[in-house]
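Enquirer: Enclosed is the structure file entry11.tsv (TSV, C-alpha atoms).
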```tsv
chain	number	residue	atom	x	y	z
A	1	MET	CA	0.00	0.00	0.00
A	2	ASN	CA	1.84	3.05	-1.22
A	3	ASP	CA	-0.68	5.68	-0.23
A	4	ALA	CA	-0.12	8.86	1.73
A	5	VAL	CA	0.86	7.10	4.93
A	6	THR	CA	4.29	8.65	5.20
A	7	SER	CA	4.24	12.28	6.35
A	8	GLU	CA	2.25	12.41	9.59
A	9	LYS	CA	2.19	10.02	12.53
A	10	LEU	CA	0.06	6.96	11.98
A	11	LYS	CA	-2.35	6.03	14.72
A	12	VAL	CA	-1.90	2.35	15.68
A	13	ALA	CA	-4.14	0.15	17.82
A	14	THR	CA	-3.81	-3.47	18.89
A	15	ALA	CA	-6.09	-6.16	20.26
A	16	ALA	CA	-5.72	-9.72	21.48
A	17	LEU	CA	-8.60	-12.09	20.86
A	18	CYS	CA	-8.42	-15.83	21.71
A	19	GLY	CA	-4.74	-16.71	22.01
A	20	CYS	CA	-1.75	-16.47	24.29
A	21	PHE	CA	-0.74	-12.78	23.94
A	22	GLY	CA	2.60	-13.90	22.45
A	23	CYS	CA	2.26	-11.60	19.44
A	24	HIS	CA	1.92	-8.60	21.74
A	25	MET	CA	5.03	-9.83	23.56
A	26	SER	CA	6.85	-9.85	20.20
A	27	LEU	CA	5.76	-6.26	19.65
A	28	LEU	CA	7.19	-5.35	23.05
A	29	ASP	CA	10.32	-7.38	22.21
A	30	ILE	CA	11.36	-4.78	19.66
A	31	ASP	CA	13.10	-3.49	22.80
A	32	GLU	CA	14.65	-0.03	22.51
A	33	ARG	CA	13.20	0.32	19.02
A	34	ILE	CA	9.87	0.91	20.77
A	35	LEU	CA	11.20	4.40	21.51
A	36	GLN	CA	11.79	4.94	17.78
A	37	LEU	CA	8.31	3.62	17.10
A	38	VAL	CA	6.78	6.08	19.58
A	39	GLU	CA	8.41	8.86	17.58
A	40	LEU	CA	6.79	7.53	14.39
A	41	VAL	CA	3.31	6.50	15.53
A	42	GLU	CA	0.64	7.46	18.01
A	43	PHE	CA	-0.70	4.50	19.97
A	44	ASP	CA	-4.44	4.19	20.50
A	45	ARG	CA	-5.76	1.01	22.18
A	46	THR	CA	-2.69	-1.06	23.15
A	47	PRO	CA	-1.20	-2.59	26.29
A	48	ILE	CA	1.20	0.37	26.24
A	49	THR	CA	-1.62	2.93	26.62
A	50	ASP	CA	-4.22	0.82	28.45
A	51	ILE	CA	-6.97	2.46	26.36
A	52	LYS	CA	-9.93	0.06	26.29
A	53	GLU	CA	-11.86	1.33	23.24
A	54	VAL	CA	-10.49	1.75	19.73
A	55	GLY	CA	-10.97	5.09	18.03
A	56	PRO	CA	-10.34	5.96	14.39
A	57	CYS	CA	-6.92	4.52	13.51
A	58	ASP	CA	-4.67	4.03	10.54
A	59	VAL	CA	-3.45	0.54	11.49
A	60	GLY	CA	-4.99	-2.15	13.65
A	61	LEU	CA	-2.88	-5.16	14.69
A	62	ILE	CA	-5.03	-8.10	15.77
A	63	GLU	CA	-3.71	-11.29	17.33
A	64	GLY	CA	-5.72	-14.34	18.32
A	65	ALA	CA	-8.55	-16.33	16.82
A	66	VAL	CA	-12.29	-15.63	17.03
A	67	ALA	CA	-13.76	-17.96	19.65
A	68	ASN	CA	-16.62	-16.04	21.30
A	69	ASN	CA	-19.13	-13.26	20.69
A	70	GLU	CA	-16.92	-10.66	22.38
A	71	ASN	CA	-14.09	-11.49	19.94
A	72	VAL	CA	-16.51	-10.88	17.05
A	73	GLU	CA	-17.56	-7.49	18.47
A	74	VAL	CA	-13.97	-6.34	19.07
A	75	LEU	CA	-12.88	-7.48	15.62
A	76	ARG	CA	-15.78	-5.71	13.88
A	77	GLU	CA	-15.10	-2.56	15.91
A	78	PHE	CA	-11.46	-2.63	14.76
A	79	ARG	CA	-12.44	-3.20	11.11
A	80	ASN	CA	-14.86	-0.25	11.30
A	81	ASN	CA	-12.24	2.03	12.87
A	82	CYS	CA	-8.97	1.00	11.17
A	83	LYS	CA	-7.96	1.89	7.62
A	84	ILE	CA	-5.55	-1.07	7.56
A	85	LEU	CA	-6.20	-4.26	9.51
A	86	VAL	CA	-3.42	-6.78	10.09
A	87	ALA	CA	-3.80	-10.42	11.19
A	88	VAL	CA	-0.80	-11.04	13.44
A	89	GLY	CA	0.29	-14.59	14.24
A	90	ALA	CA	-0.94	-18.10	13.57
A	91	CYS	CA	-4.12	-17.83	15.62
A	92	ALA	CA	-5.30	-14.75	13.70
A	93	VAL	CA	-4.11	-16.08	10.34
A	94	ASN	CA	-5.44	-19.65	10.50
A	95	GLY	CA	-7.02	-20.26	13.92
A	96	GLY	CA	-3.83	-21.62	15.52
A	97	VAL	CA	-3.94	-23.68	18.70
A	98	PRO	CA	-7.40	-22.39	19.79
A	99	SER	CA	-8.92	-23.95	16.66
A	100	MET	CA	-7.87	-27.40	17.86
A	101	ARG	CA	-11.20	-27.49	19.68
A	102	ASN	CA	-12.91	-27.50	16.26
A	103	HIS	CA	-12.36	-31.26	16.16
A	104	TYR	CA	-14.95	-31.65	18.92
A	105	GLU	CA	-18.46	-30.45	19.52
A	106	LEU	CA	-18.64	-27.44	21.84
A	107	GLU	CA	-20.78	-29.37	24.32
A	108	GLU	CA	-18.09	-32.10	24.54
A	109	CYS	CA	-15.41	-29.49	25.27
A	110	LEU	CA	-17.47	-27.81	28.00
A	111	GLU	CA	-18.31	-31.14	29.64
A	112	GLU	CA	-14.65	-32.23	29.60
A	113	VAL	CA	-13.45	-28.98	31.12
A	114	TYR	CA	-16.19	-28.30	33.66
A	115	LEU	CA	-17.85	-31.62	34.47
A	116	ASP	CA	-15.55	-34.56	33.75
A	117	GLY	CA	-12.15	-33.11	34.66
A	118	VAL	CA	-10.03	-34.69	37.38
A	119	GLY	CA	-10.96	-33.45	40.85
A	120	LEU	CA	-14.27	-31.89	39.82
A	121	ASP	CA	-17.15	-32.88	42.06
A	122	ASN	CA	-20.59	-31.31	41.69
A	123	ALA	CA	-19.21	-28.95	39.05
A	124	LEU	CA	-21.36	-26.86	36.72
A	125	ILE	CA	-20.82	-25.39	33.30
A	126	PRO	CA	-20.70	-21.61	33.88
A	127	ASP	CA	-23.81	-19.75	32.82
A	128	ASP	CA	-23.17	-16.11	33.61
A	129	PRO	CA	-24.04	-13.18	31.33
A	130	GLU	CA	-20.62	-11.64	32.11
A	131	ILE	CA	-18.85	-14.55	30.39
A	132	PRO	CA	-18.72	-14.18	26.59
A	133	MET	CA	-20.77	-16.76	24.70
A	134	LEU	CA	-18.54	-19.32	22.97
A	135	LEU	CA	-18.98	-19.81	19.24
A	136	ASP	CA	-19.56	-23.35	17.98
A	137	LYS	CA	-16.21	-23.20	16.15
A	138	VAL	CA	-13.05	-21.08	16.39
A	139	HIS	CA	-12.34	-18.97	13.29
A	140	PRO	CA	-9.33	-17.15	11.83
A	141	ILE	CA	-10.12	-13.45	11.69
A	142	HIS	CA	-10.36	-13.24	7.88
A	143	GLU	CA	-13.51	-15.39	8.09
A	144	VAL	CA	-15.20	-12.56	10.03
A	145	VAL	CA	-13.81	-9.33	8.50
A	146	LYS	CA	-11.66	-8.22	5.57
A	147	ILE	CA	-7.93	-8.29	6.38
A	148	ASP	CA	-5.35	-6.18	4.56
A	149	TYR	CA	-2.12	-7.91	5.66
A	150	PHE	CA	-1.17	-11.23	7.25
A	151	LEU	CA	1.91	-11.64	9.48
A	152	PRO	CA	2.47	-15.38	10.04
A	153	GLY	CA	4.37	-16.95	12.88
A	154	CYS	CA	3.72	-18.26	16.36
A	155	PRO	CA	4.45	-15.58	17.21
A	156	PRO	CA	6.00	-13.50	14.44
A	157	SER	CA	9.37	-12.26	15.62
A	158	ALA	CA	9.97	-8.75	16.89
A	159	ASP	CA	12.07	-8.16	13.77
A	160	THR	CA	9.18	-9.24	11.52
A	161	ILE	CA	6.79	-6.84	13.25
A	162	TRP	CA	9.41	-4.07	13.15
A	163	THR	CA	10.06	-4.63	9.44
A	164	PHE	CA	6.35	-4.60	8.67
A	165	LEU	CA	5.65	-1.40	10.59
A	166	THR	CA	8.67	0.54	9.36
A	167	GLU	CA	8.11	-0.41	5.71
A	168	LEU	CA	4.44	0.52	6.01
A	169	LEU	CA	5.39	3.86	7.60
A	170	GLU	CA	7.89	4.54	4.84
A	171	GLY	CA	5.28	3.74	2.19
A	172	LYS	CA	7.39	0.88	0.86
A	173	PRO	CA	5.99	-2.41	-0.39
A	174	ILE	CA	6.11	-4.89	2.48
A	175	SER	CA	8.95	-7.31	1.80
A	176	PHE	CA	10.46	-9.72	4.28
A	177	PRO	CA	13.83	-11.40	3.99
A	178	TYR	CA	13.47	-15.18	3.99
A	179	SER	CA	14.96	-15.39	7.48
A	180	LEU	CA	11.97	-13.46	8.93
A	181	ILE	CA	9.29	-15.71	7.45
A	182	HIS	CA	11.03	-19.10	7.49
A	183	TYR	CA	9.83	-21.33	10.31
A	184	ASP	CA	11.44	-24.64	11.31
```
Take the structure in the file and give it back as C-alpha cells.

Expert:
Amino acid sequence: MNDAVTSEKLKVATAALCGCFGCHMSLLDIDERILQLVELVEFDRTPITDIKEVGPCDVGLIEGAVANNENVEVLREFRNNCKILVAVGACAVNGGVPSMRNHYELEECLEEVYLDGVGLDNALIPDDPEIPMLLDKVHPIHEVVKIDYFLPGCPPSADTIWTFLTELLEGKPISFPYSLIHYD
C-alpha cells in the first residue's frame, strides 16, 4: 500500500482475541526500538496505553482467533475504525492452537473442562451473562472481516513486526527477507 501514509504520525491500535498474547510480547520485544516507534506513531488502544476502546486509527494489529461473541464485536469494531487491519500470528491467520477445539463439539469441550475433569465434584458449566458466549467453532479473523495484511508466525518475531511497521510507515511495499518468514 503506497498511499499517503508517510508524512504524519500513523495512529496504531492493537487487540488480542483468543490466544496467548505472544504476538503482543513480540511487539514489546522490539526493545529499545519501541522508543523509535513512539516517535513515528501514536498509539491508540494497546497494552502500552491501556486504552480500552479503539478510536479511528490508521493501522490495527489483531492477534488471536475468534472464539466467542466478544471477539466478534472487538474485531468488527477494529475493522470499522482501522484503515488497515493486520492479522498477526498463527491464531489470527489460520485459527492456531485455539482452533484445535474444532475437532470436537462445543458441548463435549465444556463437559470435559467443567464436568468430567479430574478433581471436579458437583461442578457446573458456567452460565453467567458476564462470560462471553462461545462460538460453535473457532475462526481465523479473515472469516469474520476483511484483512489487509497477514503476518504469520507463532508468534511473528519482533524483527518481523518491526520490518512490517517501518516499511508501512515509509510507504514501501512490504517485503520480508526469507529469514523473517522461514519457520522450522

Enquirer: Would you compute the distance between CA of Ala92 (chain A) and CA of Leu17 (chain A)? Give it in Å to one decimal.

Expert: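 Interatomic distance here is 8.3 Å.
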
Enquirer: With distances taken over only C-alpha atoms, which residue among A:Asp31, A:Asp128, A:Asp58, A:Glu111 lies nearest Leu169 (chain A)?

Expert: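 With only C-alpha atoms as the atom set, the closest residue is A:Asp58.
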
Enquirer: Using all atoms listed in the file, which protein or nucleic acid residues come within 10 Å of region 63-80 of chain A? Drop anything in the same chain fewer than 2 positions from it, and give the result as a ChimeraX atom specification.

Expert: /A:13-24,53-57,59-61,82-99,101,131-147,151,155

Enquirer: Box along x, y and z, 5 Å on every side, all listed atoms of region 111-128 of chain A inside: centre and edge lengths in Å to one decimal, as JSON.

Expert:
```
{"center_x": -16.9, "center_y": -25.4, "center_z": 35.8, "size_x": 23.8, "size_y": 28.6, "size_z": 22.5}
```

Enquirer: If we count all atoms listed in the file, what is near Tyr114 (chain A) at a cut-off of 9 Å, once residues fewer than 5 positions away on the same chain are taken out, given as a list in words?

Expert: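 Non-adjacent residues within range: Cys109, Leu120, Ala123, Leu124, Ile125 and Pro126 of chain A.
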
Enquirer: Would you mind exporting C-alpha atoms of the selected residues as an mmCIF file, in the frame of the given file?

Expert:
```cif
data_model
loop_
_atom_site.group_PDB
_atom_site.id
_atom_site.type_symbol
_atom_site.label_atom_id
_atom_site.label_comp_id
_atom_site.auth_asym_id
_atom_site.auth_seq_id
_atom_site.Cartn_x
_atom_site.Cartn_y
_atom_site.Cartn_z
ATOM 1 C CA CYS A 109 -15.410 -29.490 25.270
ATOM 2 C CA LEU A 120 -14.270 -31.890 39.820
ATOM 3 C CA ALA A 123 -19.210 -28.950 39.050
ATOM 4 C CA LEU A 124 -21.360 -26.860 36.720
ATOM 5 C CA ILE A 125 -20.820 -25.390 33.300
ATOM 6 C CA PRO A 126 -20.700 -21.610 33.880
#
```

Enquirer: When distances are computed from all atoms listed in the file, which of A:Met100, A:Glu8, A:Leu165, A:Cys154 shows the smallest separation from Ile181 (chain A)?

Expert: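 Among the listed residues, A:Cys154 lies closest to Ile181 (chain A).
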
Enquirer: Given the point (3.1, 9.0, 12.0) in the file's coordinates, find the residues that have an atom at most 10 Å from it, counting only C-alpha atoms, and give them as a tab-separated table (two decimals) with C-alpha atoms, in the coordinates of the input.

Expert:
```
chain	number	residue	atom	x	y	z
A	5	VAL	CA	0.86	7.10	4.93
A	6	THR	CA	4.29	8.65	5.20
A	7	SER	CA	4.24	12.28	6.35
A	8	GLU	CA	2.25	12.41	9.59
A	9	LYS	CA	2.19	10.02	12.53
A	10	LEU	CA	0.06	6.96	11.98
A	11	LYS	CA	-2.35	6.03	14.72
A	12	VAL	CA	-1.90	2.35	15.68
A	37	LEU	CA	8.31	3.62	17.10
A	38	VAL	CA	6.78	6.08	19.58
A	39	GLU	CA	8.41	8.86	17.58
A	40	LEU	CA	6.79	7.53	14.39
A	41	VAL	CA	3.31	6.50	15.53
A	42	GLU	CA	0.64	7.46	18.01
A	43	PHE	CA	-0.70	4.50	19.97
A	58	ASP	CA	-4.67	4.03	10.54
A	169	LEU	CA	5.39	3.86	7.60
A	170	GLU	CA	7.89	4.54	4.84
```

Enquirer: Can you work out which one of A:His182, A:Asp121, A:Asp50, A:Ile174 has the shortest atom-to-atom distance to Ser157 (chain A), counting all atoms listed in the file?

Expert: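 Checking each of A:His182, A:Asp121, A:Asp50, A:Ile174 against Ser157 (chain A), counting all atoms listed in the file, the winner is A:His182.
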
Enquirer: Between CA of Asp44 (chain A) and CA of Ser175 (chain A), what is the distance, to one decimal in Å?

Expert: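 Separation between CA of Asp44 (chain A) and CA of Ser175 (chain A): 25.7 Å.
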